[in-house]
$ cat work_23.cif   # mmCIF, C-alpha atoms
data_start
#
loop_
_atom_site.label_atom_id
_atom_site.label_comp_id
_atom_site.auth_asym_id
_atom_site.auth_seq_id
_atom_site.Cartn_x
_atom_site.Cartn_y
_atom_site.Cartn_z
CA MET A 1334 75.77 -40.73 87.66
CA VAL A 1335 74.19 -37.32 87.32
CA GLU A 1336 71.21 -38.79 85.50
CA LEU A 1337 70.79 -41.46 88.20
CA CYS A 1338 70.38 -38.56 90.62
CA MET A 1339 67.70 -37.12 88.31
CA GLY A 1340 70.03 -34.35 87.23
CA VAL A 1341 70.81 -33.07 83.76
CA PRO A 1342 74.52 -33.23 82.87
CA VAL A 1343 75.91 -30.22 81.01
CA ILE A 1344 79.21 -30.68 79.18
CA VAL A 1345 81.48 -27.65 78.86
CA PRO A 1346 83.36 -28.31 75.59
CA THR A 1347 87.16 -28.19 75.41
CA LYS A 1348 89.47 -28.96 72.48
CA ALA A 1349 92.53 -31.17 72.02
CA ASP A 1350 94.39 -28.45 70.12
CA GLU A 1351 93.87 -26.12 73.10
CA GLY A 1352 95.13 -28.66 75.61
CA PHE A 1353 91.58 -29.37 76.80
CA HIS A 1354 91.77 -26.10 78.73
CA LEU A 1355 88.57 -25.23 80.59
CA SER A 1356 88.56 -21.45 80.52
CA GLY A 1357 86.85 -19.27 83.07
CA THR A 1358 84.95 -17.62 80.22
CA SER A 1359 83.55 -20.96 79.00
CA LEU A 1360 82.57 -21.97 82.53
CA ARG A 1361 80.86 -18.65 83.21
CA ARG A 1362 78.94 -18.91 79.94
CA ALA A 1363 77.79 -22.44 80.82
CA LEU A 1364 76.67 -21.41 84.32
CA GLU A 1365 74.81 -18.37 83.06
CA SER A 1366 73.08 -20.50 80.41
CA ASN A 1367 72.06 -23.06 83.04
CA PRO A 1368 70.84 -21.07 86.05
CA ARG A 1369 69.57 -24.19 87.84
CA THR A 1370 73.06 -25.67 88.10
CA SER A 1371 73.58 -27.22 91.52
CA ALA A 1372 77.14 -28.57 91.21
CA ILE A 1373 80.21 -28.70 89.02
CA ILE A 1374 82.43 -31.79 88.77
CA LEU A 1375 86.14 -31.05 88.32
CA CYS A 1376 88.32 -34.10 87.64
CA ASN A 1377 91.93 -33.05 88.16
CA PRO A 1378 94.04 -34.65 86.78
CA SER A 1379 91.37 -35.48 84.27
CA ASN A 1380 89.85 -38.70 83.12
CA PRO A 1381 89.70 -38.83 80.09
CA THR A 1382 92.04 -36.03 78.94
CA GLY A 1383 94.96 -36.42 81.35
CA LYS A 1384 94.90 -32.65 81.89
CA ASN A 1385 96.54 -31.51 85.14
CA MET A 1386 95.23 -28.07 86.04
CA ALA A 1387 97.84 -25.58 87.20
CA ARG A 1388 97.34 -23.39 90.26
CA ASP A 1389 96.55 -20.27 88.20
CA HIS A 1390 94.04 -22.25 86.15
CA LEU A 1391 92.24 -23.44 89.29
CA ARG A 1392 92.25 -19.88 90.62
CA GLU A 1393 90.60 -18.74 87.39
CA ILE A 1394 87.87 -21.36 87.86
CA ALA A 1395 87.43 -20.44 91.53
CA ASP A 1396 87.00 -16.74 90.70
CA VAL A 1397 84.10 -17.63 88.42
CA LEU A 1398 82.49 -19.97 90.96
CA ALA A 1399 82.67 -17.23 93.60
CA ASP A 1400 79.93 -15.47 91.63
CA PHE A 1401 77.65 -18.54 91.79
CA PRO A 1402 77.18 -19.23 95.52
CA SER A 1403 74.55 -21.95 95.05
CA VAL A 1404 76.90 -24.19 93.02
CA ALA A 1405 78.73 -26.93 94.91
CA ILE A 1406 82.18 -28.03 93.74
CA ILE A 1407 82.91 -31.76 93.51
CA SER A 1408 86.67 -31.97 93.05
CA ASP A 1409 87.67 -35.47 91.93
CA GLU A 1410 91.39 -35.76 92.70
CA ILE A 1411 91.87 -39.53 92.57
CA TYR A 1412 94.75 -39.16 90.08
CA GLU A 1413 96.59 -36.58 92.20
CA ARG A 1414 99.71 -38.75 92.64
CA LEU A 1415 99.99 -39.48 88.92
CA VAL A 1416 101.48 -36.29 87.44
CA TYR A 1417 104.44 -36.02 85.07
CA ASP A 1418 107.14 -33.76 83.68
CA GLY A 1419 107.85 -32.23 87.09
CA GLU A 1420 104.37 -30.75 87.39
CA GLU A 1421 102.68 -30.36 90.75
CA HIS A 1422 99.13 -31.27 91.63
CA TRP A 1423 97.07 -28.60 93.38
CA SER A 1424 93.99 -29.51 95.36
CA PHE A 1425 91.14 -27.17 94.48
CA VAL A 1426 90.33 -26.19 98.06
CA SER A 1427 94.00 -25.39 98.77
CA VAL A 1428 93.83 -22.81 95.99
CA ALA A 1429 90.38 -21.53 96.95
CA PRO A 1430 89.97 -22.02 100.72
CA GLU A 1431 87.14 -19.47 100.72
CA LEU A 1432 85.04 -22.07 98.87
CA TYR A 1433 85.73 -24.81 101.44
CA ASP A 1434 82.18 -24.96 102.78
CA ARG A 1435 80.78 -25.98 99.39
CA THR A 1436 83.67 -28.09 98.08
CA ILE A 1437 83.67 -31.89 98.25
CA THR A 1438 87.10 -33.38 97.55
CA ILE A 1439 86.97 -36.95 96.23
CA ASN A 1440 89.91 -39.36 96.41
CA GLY A 1441 90.79 -43.02 96.87
CA CYS A 1442 93.47 -45.69 96.52
CA SER A 1443 92.42 -47.28 93.23
CA LYS A 1444 94.74 -45.28 90.97
CA SER A 1445 97.67 -44.16 93.10
CA HIS A 1446 98.16 -47.51 94.86
CA ALA A 1447 96.79 -49.89 92.20
CA MET A 1448 94.02 -51.01 94.58
CA THR A 1449 91.09 -50.90 92.15
CA GLY A 1450 89.59 -54.17 93.38
CA PHE A 1451 89.45 -53.00 96.99
CA ARG A 1452 86.77 -50.42 96.06
CA ILE A 1453 87.98 -47.78 98.49
CA GLY A 1454 87.14 -44.12 98.05
CA TYR A 1455 86.73 -41.23 100.44
CA CYS A 1456 85.80 -37.58 100.51
CA ALA A 1457 86.80 -34.54 102.52
CA THR A 1458 84.36 -31.71 103.06
CA SER A 1459 82.63 -29.60 105.68
CA ALA A 1460 81.00 -31.22 108.71
CA PHE A 1461 77.59 -30.12 107.42
CA LEU A 1462 77.98 -31.87 104.06
CA SER A 1463 79.75 -34.89 105.59
CA LYS A 1464 76.80 -35.55 107.86
CA HIS A 1465 74.38 -35.72 104.93
CA ILE A 1466 76.74 -37.76 102.75
CA ALA A 1467 77.16 -40.32 105.54
CA LYS A 1468 73.39 -40.51 106.01
CA LEU A 1469 72.88 -41.30 102.34
CA GLN A 1470 75.77 -43.76 102.09
CA SER A 1471 74.61 -45.70 105.13
CA GLN A 1472 71.43 -46.58 103.23
CA LEU A 1473 73.16 -47.39 99.93
CA THR A 1474 76.35 -49.34 100.71
CA SER A 1475 76.52 -49.29 104.51
CA CYS A 1476 80.33 -49.09 104.47
CA ALA A 1477 83.40 -50.35 102.68
CA SER A 1478 84.72 -53.78 103.61
CA SER A 1479 86.76 -53.70 106.82
CA ILE A 1480 89.52 -55.62 104.99
CA SER A 1481 89.66 -52.93 102.30
CA GLN A 1482 89.68 -50.20 104.92
CA ALA A 1483 92.67 -51.79 106.68
CA ALA A 1484 94.51 -52.20 103.37
CA ALA A 1485 93.84 -48.58 102.42
CA LEU A 1486 95.05 -47.34 105.80
CA ALA A 1487 98.29 -49.27 105.34
CA ALA A 1488 98.72 -47.86 101.83
CA LEU A 1489 98.24 -44.28 103.01
CA GLU A 1490 100.19 -44.42 106.27
CA ASP A 1491 102.87 -47.11 105.90
CA PRO A 1492 106.18 -45.20 105.67
CA ARG A 1493 107.80 -48.11 103.77
CA ILE A 1494 105.80 -47.21 100.66
CA ASP A 1495 107.38 -43.77 100.31
CA ALA A 1496 110.71 -44.99 101.66
CA SER A 1497 110.93 -47.58 98.89
CA HIS A 1498 110.06 -44.95 96.28
CA TRP A 1499 107.34 -47.28 95.08
CA LEU A 1500 104.98 -44.49 94.08
CA GLN A 1501 107.74 -42.51 92.39
CA SER A 1502 108.84 -45.51 90.37
CA ARG A 1503 105.25 -46.17 89.25
CA VAL A 1504 104.93 -42.56 88.10
CA ARG A 1505 108.19 -42.80 86.14
CA GLU A 1506 106.98 -46.01 84.55
CA LEU A 1507 103.67 -44.45 83.53
CA GLN A 1508 105.43 -41.41 82.10
CA GLU A 1509 107.57 -43.71 79.93
CA LYS A 1510 104.43 -45.46 78.72
CA ARG A 1511 102.76 -42.13 77.98
CA ASP A 1512 105.77 -41.05 75.93
CA LEU A 1513 105.77 -44.34 74.01
CA ALA A 1514 102.05 -44.11 73.25
CA LEU A 1515 102.43 -40.47 72.11
CA GLU A 1516 105.36 -41.35 69.86
CA LEU A 1517 103.28 -44.04 68.15
CA LEU A 1518 100.17 -41.85 67.84
CA ASN A 1519 101.96 -38.80 66.51
CA VAL A 1520 102.96 -40.57 63.29
CA ILE A 1521 99.36 -41.42 62.38
CA PRO A 1522 98.03 -38.92 59.80
CA ASP A 1523 94.98 -36.80 60.68
CA VAL A 1524 95.08 -37.70 64.38
CA ALA A 1525 95.49 -34.82 66.86
CA VAL A 1526 96.56 -35.67 70.39
CA ASP A 1527 97.48 -33.45 73.33
CA LYS A 1528 100.37 -34.35 75.64
CA PRO A 1529 98.77 -35.05 79.02
CA THR A 1530 100.58 -34.37 82.27
CA GLY A 1531 98.47 -36.51 84.59
CA ALA A 1532 96.39 -39.69 85.02
CA PHE A 1533 97.04 -42.43 82.42
CA TYR A 1534 94.85 -41.58 79.45
CA LEU A 1535 95.19 -40.10 75.99
CA LEU A 1536 92.22 -38.60 74.16
CA PRO A 1537 93.18 -38.38 70.48
CA ASP A 1538 90.89 -36.56 68.06
CA VAL A 1539 90.08 -38.99 65.23
CA HIS A 1540 87.04 -37.31 63.70
CA ARG A 1541 88.75 -36.77 60.33
CA TYR A 1542 88.27 -40.49 59.70
CA TYR A 1543 84.50 -40.31 60.11
CA GLY A 1544 82.45 -40.87 57.00
CA ARG A 1545 84.81 -43.57 55.75
CA SER A 1546 84.20 -47.33 55.62
CA VAL A 1547 86.01 -50.63 55.86
CA ALA A 1548 85.29 -54.09 54.47
CA LEU A 1549 84.50 -56.75 57.06
CA GLU A 1550 85.20 -60.48 56.92
CA ASP A 1551 81.59 -61.26 56.13
CA GLY A 1552 81.75 -59.14 52.99
CA THR A 1553 79.77 -56.20 54.37
CA GLN A 1554 80.95 -52.63 54.75
CA ALA A 1555 81.14 -50.90 58.12
CA VAL A 1556 80.69 -47.13 57.93
CA ILE A 1557 82.47 -45.07 60.59
CA ARG A 1558 80.06 -42.29 61.47
CA ASN A 1559 81.15 -41.53 65.03
CA SER A 1560 83.37 -42.63 67.91
CA ASN A 1561 81.05 -45.51 68.81
CA ASP A 1562 81.28 -46.92 65.28
CA LEU A 1563 85.05 -46.51 65.26
CA CYS A 1564 85.58 -48.29 68.59
CA GLU A 1565 83.14 -51.08 67.82
CA THR A 1566 84.62 -51.76 64.36
CA LEU A 1567 88.20 -51.45 65.64
CA LEU A 1568 87.44 -54.09 68.26
CA ARG A 1569 85.91 -56.37 65.64
CA VAL A 1570 88.69 -55.95 63.06
CA GLU A 1571 91.85 -55.49 65.15
CA LYS A 1572 90.80 -56.77 68.61
CA VAL A 1573 91.80 -53.44 70.19
CA ALA A 1574 89.47 -52.00 72.84
CA LEU A 1575 89.16 -48.21 73.20
CA VAL A 1576 86.43 -46.11 74.80
CA PRO A 1577 84.28 -43.85 72.58
CA GLY A 1578 84.66 -40.15 73.26
CA SER A 1579 80.87 -39.88 73.23
CA CYS A 1580 80.95 -41.41 76.72
CA PHE A 1581 82.72 -38.24 77.88
CA GLY A 1582 80.79 -35.70 75.84
CA ASP A 1583 83.23 -35.41 72.91
CA ASP A 1584 82.34 -37.62 69.97
CA ARG A 1585 85.39 -36.43 68.01
CA CYS A 1586 87.72 -38.42 70.24
CA VAL A 1587 88.48 -41.88 71.59
CA ARG A 1588 90.11 -42.67 74.93
CA ILE A 1589 93.25 -44.75 75.20
CA SER A 1590 94.55 -46.05 78.52
CA TYR A 1591 98.31 -46.56 78.66
CA ALA A 1592 98.11 -48.36 82.03
CA ALA A 1593 99.24 -51.49 80.20
CA SER A 1594 102.55 -53.13 79.43
CA LYS A 1595 104.85 -51.51 76.89
CA ASP A 1596 104.53 -54.62 74.74
CA VAL A 1597 100.75 -54.19 74.64
CA ILE A 1598 101.12 -50.50 73.75
CA ARG A 1599 103.60 -51.35 70.98
CA GLU A 1600 101.11 -53.85 69.58
CA ALA A 1601 97.83 -51.98 70.07
CA ILE A 1602 98.56 -48.51 68.67
CA PRO A 1603 100.06 -49.80 65.40
CA ARG A 1604 96.91 -51.89 65.06
CA LEU A 1605 94.88 -48.70 65.46
CA ALA A 1606 97.06 -47.05 62.79
CA ARG A 1607 96.59 -50.02 60.45
CA PHE A 1608 92.83 -49.89 60.95
CA LEU A 1609 92.67 -46.16 60.21
CA ARG A 1610 94.77 -46.62 57.07
CA SER A 1611 92.33 -49.29 55.87
CA LEU A 1612 89.35 -46.90 55.92
CA ARG A 1613 88.18 -45.76 52.52
CA SER A 1614 86.22 -42.66 51.57
#

$ encode --input "work_23.cif" --output "structure tokens"
Amino acid sequence: MVELCMGVPVIVPTKADEGFHLSGTSLRRALESNPRTSAIILCNPSNPTGKNMARDHLREIADVLADFPSVAIISDEIYERLVYDGEEHWSFVSVAPELYDRTITINGCSKSHAMTGFRIGYCATSAFLSKHIAKLQSQLTSCASSISQAAALAALEDPRIDASHWLQSRVRELQEKRDLALELLNVIPDVAVDKPTGAFYLLPDVHRYYGRSVALEDGTQAVIRNSNDLCETLLRVEKVALVPGSCFGDDRCVRISYAASKDVIREAIPRLARFLRSLRS
């Protein structure tokens, strides 16, 4: 998306064994090294790591951004309702109201209300930025379908949704699936995975399997050099689809979505384990 806007994306590296923590020091270093930076995108909870940033963590990030007044903050909070283990989601601008004028909060109904097909998203920001966003959108998509808008309004305002505990039950269900997926991943040798507290993704580090190979049905050998090779060969051999970490700036990892049935999780992750065991140095 950044490249489509003729921008240059800069990835600030984080590590699985550090909980994918974006430190203020790392952010400051990245901003100082890239003085033409116009915006930072914060996805909280994160796709692909599942990291839910605590209030103090967001405050640390805000304190750094205060020193870079020309940098806008795009805070993607579409997974805000999907947090686990009793954690609370904090909206960036609620922690740093002094940065309101240059913060754009992104949200929607796709994740929280399982309305992906309705294609509804929205943003909250200053009147100045809203005016220019609306001007651009009117020339690109005109507006969202009126049917989708009505459905989204019902999802957000209908008291029966909260009264039935529908959202709470979905969160409990996803937490159970997360725990199941973690249990299955944690027994695979040489795979490091952090316990996420939001969204519905796991980002295990599988780079210790790179450089190995596996025999294919046609008699050839497939060499696993990176996350793309691993995902492509896994799909071919075990019919399991994961997303390469290279898509997110970390080629050491692959992304797993546990927004699937428990039966699928019980089948898919052991297939991943079997595939990794089959790799030979």

$ residues_around --input "work_23.cif" --residues "Leu1364 in chain A" --least-positions-apart "5" --cutoff "12 Å" --atoms "all atoms listed in the file" --output "list of chain:residue names"
A:Val1343, A:Ile1344, A:Val1345, A:Gly1357, A:Thr1358, A:Ser1359, A:Arg1369, A:Thr1370, A:Ser1371, A:Ala1372, A:Ile1373, A:Ile1394, A:Val1397, A:Leu1398, A:Ala1399, A:Asp1400, A:Phe1401, A:Pro1402, A:Ser1403, A:Val1404

$ residues_around --input "work_23.cif" --residues "Ser1481 in chain A" --least-positions-apart "6" --cutoff "8 Å" --atoms "only C-alpha atoms" --output "MDAnalysis selection string"
chainID A and resid 1451:1453

$ resolve_selection --input "work_23.cif" --expression "the PyMOL selection byres ((chain A and resi 1532) around 10)" --output "PDB file with C-alpha atoms, in the coordinates of the input"
ATOM      1  CA  ASN A1377      91.930 -33.050  88.160  1.00  0.00           C
ATOM      2  CA  PRO A1378      94.040 -34.650  86.780  1.00  0.00           C
ATOM      3  CA  SER A1379      91.370 -35.480  84.270  1.00  0.00           C
ATOM      4  CA  ASN A1380      89.850 -38.700  83.120  1.00  0.00           C
ATOM      5  CA  PRO A1381      89.700 -38.830  80.090  1.00  0.00           C
ATOM      6  CA  THR A1382      92.040 -36.030  78.940  1.00  0.00           C
ATOM      7  CA  GLY A1383      94.960 -36.420  81.350  1.00  0.00           C
ATOM      8  CA  LYS A1384      94.900 -32.650  81.890  1.00  0.00           C
ATOM      9  CA  ASN A1385      96.540 -31.510  85.140  1.00  0.00           C
ATOM     10  CA  GLU A1410      91.390 -35.760  92.700  1.00  0.00           C
ATOM     11  CA  ILE A1411      91.870 -39.530  92.570  1.00  0.00           C
ATOM     12  CA  TYR A1412      94.750 -39.160  90.080  1.00  0.00           C
ATOM     13  CA  GLU A1413      96.590 -36.580  92.200  1.00  0.00           C
ATOM     14  CA  ARG A1414      99.710 -38.750  92.640  1.00  0.00           C
ATOM     15  CA  LEU A1415      99.990 -39.480  88.920  1.00  0.00           C
ATOM     16  CA  VAL A1416     101.480 -36.290  87.440  1.00  0.00           C
ATOM     17  CA  TYR A1417     104.440 -36.020  85.070  1.00  0.00           C
ATOM     18  CA  LYS A1444      94.740 -45.280  90.970  1.00  0.00           C
ATOM     19  CA  SER A1445      97.670 -44.160  93.100  1.00  0.00           C
ATOM     20  CA  VAL A1504     104.930 -42.560  88.100  1.00  0.00           C
ATOM     21  CA  LEU A1507     103.670 -44.450  83.530  1.00  0.00           C
ATOM     22  CA  GLN A1508     105.430 -41.410  82.100  1.00  0.00           C
ATOM     23  CA  ARG A1511     102.760 -42.130  77.980  1.00  0.00           C
ATOM     24  CA  PRO A1529      98.770 -35.050  79.020  1.00  0.00           C
ATOM     25  CA  THR A1530     100.580 -34.370  82.270  1.00  0.00           C
ATOM     26  CA  GLY A1531      98.470 -36.510  84.590  1.00  0.00           C
ATOM     27  CA  PHE A1533      97.040 -42.430  82.420  1.00  0.00           C
ATOM     28  CA  TYR A1534      94.850 -41.580  79.450  1.00  0.00           C
ATOM     29  CA  LEU A1535      95.190 -40.100  75.990  1.00  0.00           C
ATOM     30  CA  SER A1590      94.550 -46.050  78.520  1.00  0.00           C
ATOM     31  CA  TYR A1591      98.310 -46.560  78.660  1.00  0.00           C
ATOM     32  CA  ALA A1592      98.110 -48.360  82.030  1.00  0.00           C
TER      33      ALA A1592
END

$ atom_distance --input "work_23.cif" --atom1 "CA of Leu1469 in chain A" --atom2 "CA of Asp1409 in chain A"
19.0 Å

$ residues_around --input "work_23.cif" --residues "Cys1442 in chain A" --least-positions-apart "5" --cutoff "8 Å" --atoms "all atoms listed in the file" --output "VMD selection string"
chain A and resid 1411 1447 to 1449 1453 to 1454 1485 1488

$ closest_residue --input "work_23.cif" --among "A:Thr1436, A:Asn1561, A:Ser1594, A:Ser1366" --to "Phe1461 in chain A" --atoms "all atoms listed in the file"
A:Thr1436

$ atom_distance --input "work_23.cif" --atom1 "CA of Ser1475 in chain A" --atom2 "CA of Ser1424 in chain A"
27.9 Å

$ closest_residue --input "work_23.cif" --among "A:Asp1350, A:Met1339, A:Pro1603, A:Arg1493" --to "Asp1538 in chain A" --atoms "all atoms listed in the file"
A:Asp1350

$ resolve_selection --input "work_23.cif" --expression "the PyMOL selection byres ((chain A and resi 1438) around 12)" --output "PyMOL selection string"
chain A and resi 1373-1377+1405-1411+1413+1423-1427+1432-1437+1439-1441+1454-1459+1462-1463

$ write_last_selection --input "work_23.cif" --atoms "C-alpha atoms" --output "PDB file, keeping the file's coordinate frame"
ATOM      1  CA  ILE A1373      80.210 -28.700  89.020  1.00  0.00           C
ATOM      2  CA  ILE A1374      82.430 -31.790  88.770  1.00  0.00           C
ATOM      3  CA  LEU A1375      86.140 -31.050  88.320  1.00  0.00           C
ATOM      4  CA  CYS A1376      88.320 -34.100  87.640  1.00  0.00           C
ATOM      5  CA  ASN A1377      91.930 -33.050  88.160  1.00  0.00           C
ATOM      6  CA  ALA A1405      78.730 -26.930  94.910  1.00  0.00           C
ATOM      7  CA  ILE A1406      82.180 -28.030  93.740  1.00  0.00           C
ATOM      8  CA  ILE A1407      82.910 -31.760  93.510  1.00  0.00           C
ATOM      9  CA  SER A1408      86.670 -31.970  93.050  1.00  0.00           C
ATOM     10  CA  ASP A1409      87.670 -35.470  91.930  1.00  0.00           C
ATOM     11  CA  GLU A1410      91.390 -35.760  92.700  1.00  0.00           C
ATOM     12  CA  ILE A1411      91.870 -39.530  92.570  1.00  0.00           C
ATOM     13  CA  GLU A1413      96.590 -36.580  92.200  1.00  0.00           C
ATOM     14  CA  TRP A1423      97.070 -28.600  93.380  1.00  0.00           C
ATOM     15  CA  SER A1424      93.990 -29.510  95.360  1.00  0.00           C
ATOM     16  CA  PHE A1425      91.140 -27.170  94.480  1.00  0.00           C
ATOM     17  CA  VAL A1426      90.330 -26.190  98.060  1.00  0.00           C
ATOM     18  CA  SER A1427      94.000 -25.390  98.770  1.00  0.00           C
ATOM     19  CA  LEU A1432      85.040 -22.070  98.870  1.00  0.00           C
ATOM     20  CA  TYR A1433      85.730 -24.810 101.440  1.00  0.00           C
ATOM     21  CA  ASP A1434      82.180 -24.960 102.780  1.00  0.00           C
ATOM     22  CA  ARG A1435      80.780 -25.980  99.390  1.00  0.00           C
ATOM     23  CA  THR A1436      83.670 -28.090  98.080  1.00  0.00           C
ATOM     24  CA  ILE A1437      83.670 -31.890  98.250  1.00  0.00           C
ATOM     25  CA  ILE A1439      86.970 -36.950  96.230  1.00  0.00           C
ATOM     26  CA  ASN A1440      89.910 -39.360  96.410  1.00  0.00           C
ATOM     27  CA  GLY A1441      90.790 -43.020  96.870  1.00  0.00           C
ATOM     28  CA  GLY A1454      87.140 -44.120  98.050  1.00  0.00           C
ATOM     29  CA  TYR A1455      86.730 -41.230 100.440  1.00  0.00           C
ATOM     30  CA  CYS A1456      85.800 -37.580 100.510  1.00  0.00           C
ATOM     31  CA  ALA A1457      86.800 -34.540 102.520  1.00  0.00           C
ATOM     32  CA  THR A1458      84.360 -31.710 103.060  1.00  0.00           C
ATOM     33  CA  SER A1459      82.630 -29.600 105.680  1.00  0.00           C
ATOM     34  CA  LEU A1462      77.980 -31.870 104.060  1.00  0.00           C
ATOM     35  CA  SER A1463      79.750 -34.890 105.590  1.00  0.00           C
TER      36      SER A1463
END

$ atom_distance --input "work_23.cif" --atom1 "CA of Val1539 in chain A" --atom2 "CA of Arg1585 in chain A"
6.0 Å

$ resolve_selection --input "work_23.cif" --expression "the PyMOL selection byres ((chain A and resi 1521) around 9)" --output "list in words"
Leu1517, Leu1518, Asn1519, Val1520, Pro1522, Asp1523, Val1524, Ala1525, Pro1603, Ala1606, Leu1609 and Arg1610 of chain A

$ closest_residue --input "work_23.cif" --among "A:Cys1564, A:Glu1490, A:Glu1571, A:Leu1515" --to "Ile1598 in chain A" --atoms "all atoms listed in the file"
A:Leu1515

$ closest_residue --input "work_23.cif" --among "A:His1422, A:Lys1348, A:Lys1468, A:Arg1569" --to "Leu1536 in chain A" --atoms "all atoms listed in the file"
A:Lys1348

$ residues_around --input "work_23.cif" --residues "Cys1586 in chain A" --least-positions-apart "4" --cutoff "9 Å" --atoms "only C-alpha atoms" --output "PyMOL selection string"
chain A and resi 1349+1536-1540+1559-1560+1577-1579

$ decode --input "work_23.cif" --residues "range 1509-1523 of chain A" --atoms "N, CA, C and O atoms" --output "PDB file, in the first residue's frame"
ATOM      1  N   GLU A1509      -9.348 -20.065  23.000  1.00  0.00           N
ATOM      2  CA  GLU A1509      -9.185 -21.521  23.071  1.00  0.00           C
ATOM      3  C   GLU A1509      -8.436 -22.040  21.849  1.00  0.00           C
ATOM      4  O   GLU A1509      -7.566 -22.918  21.967  1.00  0.00           O
ATOM      5  N   LYS A1510      -8.734 -21.479  20.695  1.00  0.00           N
ATOM      6  CA  LYS A1510      -8.045 -21.904  19.474  1.00  0.00           C
ATOM      7  C   LYS A1510      -6.582 -21.475  19.495  1.00  0.00           C
ATOM      8  O   LYS A1510      -5.703 -22.213  19.051  1.00  0.00           O
ATOM      9  N   ARG A1511      -6.321 -20.281  20.012  1.00  0.00           N
ATOM     10  CA  ARG A1511      -4.937 -19.836  20.163  1.00  0.00           C
ATOM     11  C   ARG A1511      -4.161 -20.800  21.048  1.00  0.00           C
ATOM     12  O   ARG A1511      -3.050 -21.225  20.713  1.00  0.00           O
ATOM     13  N   ASP A1512      -4.760 -21.158  22.190  1.00  0.00           N
ATOM     14  CA  ASP A1512      -4.081 -22.048  23.131  1.00  0.00           C
ATOM     15  C   ASP A1512      -3.820 -23.421  22.508  1.00  0.00           C
ATOM     16  O   ASP A1512      -2.757 -24.024  22.718  1.00  0.00           O
ATOM     17  N   LEU A1513      -4.775 -23.910  21.736  1.00  0.00           N
ATOM     18  CA  LEU A1513      -4.601 -25.196  21.058  1.00  0.00           C
ATOM     19  C   LEU A1513      -3.463 -25.125  20.047  1.00  0.00           C
ATOM     20  O   LEU A1513      -2.593 -26.011  20.011  1.00  0.00           O
ATOM     21  N   ALA A1514      -3.463 -24.064  19.235  1.00  0.00           N
ATOM     22  CA  ALA A1514      -2.408 -23.914  18.224  1.00  0.00           C
ATOM     23  C   ALA A1514      -1.036 -23.793  18.886  1.00  0.00           C
ATOM     24  O   ALA A1514      -0.053 -24.387  18.422  1.00  0.00           O
ATOM     25  N   LEU A1515      -0.944 -23.034  19.985  1.00  0.00           N
ATOM     26  CA  LEU A1515       0.329 -22.889  20.700  1.00  0.00           C
ATOM     27  C   LEU A1515       0.807 -24.222  21.268  1.00  0.00           C
ATOM     28  O   LEU A1515       1.995 -24.558  21.198  1.00  0.00           O
ATOM     29  N   GLU A1516      -0.121 -24.979  21.834  1.00  0.00           N
ATOM     30  CA  GLU A1516       0.233 -26.283  22.403  1.00  0.00           C
ATOM     31  C   GLU A1516       0.841 -27.192  21.331  1.00  0.00           C
ATOM     32  O   GLU A1516       1.838 -27.886  21.578  1.00  0.00           O
ATOM     33  N   LEU A1517       0.272 -27.164  20.136  1.00  0.00           N
ATOM     34  CA  LEU A1517       0.763 -28.018  19.052  1.00  0.00           C
ATOM     35  C   LEU A1517       2.088 -27.507  18.491  1.00  0.00           C
ATOM     36  O   LEU A1517       2.954 -28.300  18.112  1.00  0.00           O
ATOM     37  N   LEU A1518       2.260 -26.188  18.452  1.00  0.00           N
ATOM     38  CA  LEU A1518       3.501 -25.618  17.920  1.00  0.00           C
ATOM     39  C   LEU A1518       4.665 -25.785  18.880  1.00  0.00           C
ATOM     40  O   LEU A1518       5.813 -25.992  18.458  1.00  0.00           O
ATOM     41  N   ASN A1519       4.386 -25.696  20.159  1.00  0.00           N
ATOM     42  CA  ASN A1519       5.464 -25.692  21.155  1.00  0.00           C
ATOM     43  C   ASN A1519       6.204 -27.024  21.264  1.00  0.00           C
ATOM     44  O   ASN A1519       7.280 -27.081  21.875  1.00  0.00           O
ATOM     45  N   VAL A1520       5.647 -28.082  20.700  1.00  0.00           N
ATOM     46  CA  VAL A1520       6.337 -29.374  20.754  1.00  0.00           C
ATOM     47  C   VAL A1520       7.172 -29.628  19.501  1.00  0.00           C
ATOM     48  O   VAL A1520       7.836 -30.659  19.409  1.00  0.00           O
ATOM     49  N   ILE A1521       7.171 -28.686  18.560  1.00  0.00           N
ATOM     50  CA  ILE A1521       7.973 -28.838  17.350  1.00  0.00           C
ATOM     51  C   ILE A1521       9.375 -28.313  17.636  1.00  0.00           C
ATOM     52  O   ILE A1521       9.541 -27.146  18.015  1.00  0.00           O
ATOM     53  N   PRO A1522      10.406 -29.128  17.458  1.00  0.00           N
ATOM     54  CA  PRO A1522      11.776 -28.672  17.730  1.00  0.00           C
ATOM     55  C   PRO A1522      12.184 -27.500  16.845  1.00  0.00           C
ATOM     56  O   PRO A1522      11.759 -27.400  15.684  1.00  0.00           O
ATOM     57  N   ASP A1523      12.996 -26.612  17.395  1.00  0.00           N
ATOM     58  CA  ASP A1523      13.604 -25.507  16.645  1.00  0.00           C
ATOM     59  C   ASP A1523      12.589 -24.522  16.068  1.00  0.00           C
ATOM     60  O   ASP A1523      12.872 -23.838  15.082  1.00  0.00           O
TER      61      ASP A1523
END
